[in-house]
$ cat run_2.txt   # compact mmCIF, C-alpha atoms
# COMPACT_ATOMS: atom_id res chain seq x y z
CA MET G 1 -2.11 16.82 -2.10
CA LYS G 2 -1.03 17.53 1.46
CA LYS G 3 -3.67 15.12 2.80
CA LEU G 4 -2.45 12.41 0.42
CA VAL G 5 1.15 12.82 1.61
CA GLN G 6 -0.03 12.67 5.24
CA LYS G 7 -2.03 9.51 4.58
CA VAL G 8 0.88 7.88 2.74
CA LEU G 9 3.19 8.75 5.64
CA VAL G 10 0.76 7.28 8.20
CA VAL G 11 0.31 4.09 6.17
CA ASN G 12 4.07 3.63 5.77
CA VAL G 13 4.78 4.22 9.46
CA GLY G 14 2.03 1.78 10.37
CA ALA G 15 3.37 -0.82 7.97
CA LEU G 16 6.89 -0.30 9.34
CA LEU G 17 5.62 -0.94 12.86
CA VAL G 18 3.67 -4.04 11.82
CA VAL G 19 6.58 -5.52 9.88
CA SER G 20 9.07 -4.79 12.66
CA PHE G 21 6.74 -6.46 15.19
CA LEU G 22 6.19 -9.47 12.93
CA SER G 23 9.92 -9.78 12.27
CA LYS G 24 10.45 -10.32 16.00
CA VAL G 25 7.62 -12.85 16.29
CA VAL G 26 7.88 -14.78 12.99
CA PRO G 27 11.41 -16.02 12.23
CA VAL G 28 10.79 -16.21 8.48
CA LEU G 29 10.19 -12.45 8.29
CA GLN G 30 13.51 -11.45 9.85
CA PRO G 31 15.17 -9.25 7.22
CA HIS G 32 18.91 -9.52 6.63
CA ASN G 33 19.26 -6.04 5.14
CA MET G 34 17.24 -2.87 4.61
CA ALA G 35 16.11 -3.87 1.09
CA GLU G 36 14.43 -6.99 2.45
CA PHE G 37 12.78 -4.99 5.21
CA LEU G 38 11.40 -2.48 2.69
CA PHE G 39 10.24 -5.35 0.49
CA PHE G 40 8.26 -6.81 3.41
CA VAL G 41 6.76 -3.36 4.05
CA LEU G 42 5.82 -3.09 0.37
CA LEU G 43 4.34 -6.56 0.45
CA ALA G 44 2.23 -5.76 3.52
CA ILE G 45 0.91 -2.51 2.02
CA TRP G 46 0.13 -4.00 -1.37
CA ILE G 47 -1.59 -7.05 0.10
CA VAL G 48 -3.97 -4.69 1.89
CA ALA G 49 -4.35 -2.76 -1.38
CA ALA G 50 -5.18 -5.95 -3.27
CA VAL G 51 -7.82 -6.89 -0.72
CA ALA G 52 -9.33 -3.39 -0.73
CA TRP G 53 -9.11 -2.78 -4.47
CA GLN G 54 -12.46 -2.23 -6.09
CA GLY G 55 -11.11 -1.71 -9.57
CA SER G 56 -11.55 -3.87 -12.64
CA LYS G 57 -12.89 -7.02 -10.96
CA GLN G 58 -16.45 -6.10 -11.91
CA SER G 59 -17.46 -5.39 -15.45
CA VAL G 60 -18.92 -1.91 -15.67
CA SER G 61 -20.04 -0.29 -18.88
CA TRP G 62 -18.59 3.13 -19.66
CA ASP G 63 -21.94 4.93 -19.53
CA GLN G 64 -22.35 3.88 -15.88
CA ILE G 65 -19.11 5.61 -14.89
CA SER G 66 -19.37 9.19 -13.72
CA VAL G 67 -16.37 11.39 -14.41
CA CYS G 68 -16.67 13.30 -11.13
CA LYS G 69 -17.09 11.15 -8.02
CA PRO G 70 -15.78 13.26 -5.14
CA LYS G 71 -17.15 11.00 -2.39
CA GLU G 72 -15.82 7.77 -3.89
CA ASN G 73 -13.86 5.53 -1.55
CA ASN G 74 -10.34 5.19 -2.93
CA PHE G 75 -8.77 3.14 -0.16
CA GLY G 76 -7.30 0.59 -2.58
CA MET G 77 -5.75 3.32 -4.69
CA LEU G 78 -4.40 5.06 -1.58
CA MET G 79 -2.74 1.84 -0.44
CA THR G 80 -1.27 1.29 -3.89
CA ILE G 81 0.18 4.79 -3.91
CA ALA G 82 1.42 4.34 -0.32
CA GLY G 83 3.54 1.40 -1.42
CA ILE G 84 5.48 3.43 -3.97
CA PRO G 85 8.02 4.93 -1.51
CA ALA G 86 8.84 1.46 -0.18
CA LEU G 87 9.18 0.18 -3.76
CA ILE G 88 11.57 3.01 -4.67
CA GLY G 89 13.59 2.42 -1.50
CA CYS G 90 13.73 -1.31 -2.21
CA LEU G 91 14.93 -0.74 -5.77
CA VAL G 92 17.53 1.86 -4.79
CA LEU G 93 19.01 -0.28 -2.03
$ encode --input "run_2.txt" --output "structure tokens"
Amino acid sequence: MKKLVQKVLVVNVGALLVVSFLSKVVPVLQPHNMAEFLFFVLLAIWIVAAVAWQGSKQSVSWDQISVCKPKENNFGMLMTIAGIPALIGCLVL
């Protein structure tokens, strides 16, 4: 759980830096308030999650799925979870 929180924190800080850099370069991405800024952060994180998601795009029968896959790459799920703090902040503000 501690590793997940660390990864979420790193992803959010990275997304904050990317969005703040892009807001200075691209005039369309200049936020007027904090809710817009958090929305752009959420959008950046979840776009990466959508690209990396390896979920239900392929049809897999249930007998091919193993219940325990400790070495499975869950980058798409990590990015989806990492967007939740930005979503909560955007909704609260």
$ residues_around --input "run_2.txt" --residues "G:Trp53" --least-positions-apart "4" --cutoff "7 Å" --atoms "only C-alpha atoms" --output "list in words"
Ala49, Gly76 and Met77 of chain G
$ atom_distance --input "run_2.txt" --atom1 "atom CA of G:Ile81" --atom2 "atom CA of G:Pro27"
28.6 Å
$ residues_around --input "run_2.txt" --residues "stretch 3-11 of chain G" --least-positions-apart "6" --cutoff "8 Å" --atoms "only C-alpha atoms" --output "VMD selection string"
chain G and resid 45 78 to 79 81 to 82
$ residues_around --input "run_2.txt" --residues "G:Leu22" --least-positions-apart "4" --cutoff "12 Å" --atoms "all atoms listed in the file" --output "PDB file with C-alpha atoms, in the coordinates of the input"
ATOM      1  CA  ALA G  15       3.370  -0.820   7.970  1.00  0.00           C
ATOM      2  CA  LEU G  16       6.890  -0.300   9.340  1.00  0.00           C
ATOM      3  CA  LEU G  17       5.620  -0.940  12.860  1.00  0.00           C
ATOM      4  CA  VAL G  18       3.670  -4.040  11.820  1.00  0.00           C
ATOM      5  CA  VAL G  26       7.880 -14.780  12.990  1.00  0.00           C
ATOM      6  CA  PRO G  27      11.410 -16.020  12.230  1.00  0.00           C
ATOM      7  CA  VAL G  28      10.790 -16.210   8.480  1.00  0.00           C
ATOM      8  CA  LEU G  29      10.190 -12.450   8.290  1.00  0.00           C
ATOM      9  CA  GLN G  30      13.510 -11.450   9.850  1.00  0.00           C
ATOM     10  CA  PRO G  31      15.170  -9.250   7.220  1.00  0.00           C
ATOM     11  CA  PHE G  37      12.780  -4.990   5.210  1.00  0.00           C
ATOM     12  CA  PHE G  40       8.260  -6.810   3.410  1.00  0.00           C
ATOM     13  CA  VAL G  41       6.760  -3.360   4.050  1.00  0.00           C
ATOM     14  CA  ALA G  44       2.230  -5.760   3.520  1.00  0.00           C
TER      15      ALA G  44
END
$ residues_around --input "run_2.txt" --residues "G:Val92" --least-positions-apart "5" --cutoff "10 Å" --atoms "only C-alpha atoms" --output "ChimeraX atom specification"
/G:35,86-87
$ closest_residue --input "run_2.txt" --among "G:Glu36, G:Gly83, G:Met1, G:Ile88" --to "G:Ala50" --atoms "only C-alpha atoms"
G:Gly83
$ atom_distance --input "run_2.txt" --atom1 "atom CA of G:Val13" --atom2 "atom CA of G:Leu93"
18.8 Å
$ closest_residue --input "run_2.txt" --among "G:Val19, G:Met34, G:Leu42, G:Val25" --to "G:Ile84" --atoms "all atoms listed in the file"
G:Leu42
$ closest_residue --input "run_2.txt" --among "G:Asn12, G:Ser20, G:Leu38, G:Asn33" --to "G:Thr80" --atoms "all atoms listed in the file"
G:Asn12
$ axis_aligned_box --input "run_2.txt" --around "stretch 17-27 of chain G" --padding-each-side "3 Å" --output "JSON"
{"center_x": 7.5, "center_y": -8.5, "center_z": 13.1, "size_x": 13.7, "size_y": 21.1, "size_z": 12.4}
$ closest_residue --input "run_2.txt" --among "G:Lys2, G:His32, G:Phe39, G:Ala52" --to "G:Cys90" --atoms "only C-alpha atoms"
G:Phe39
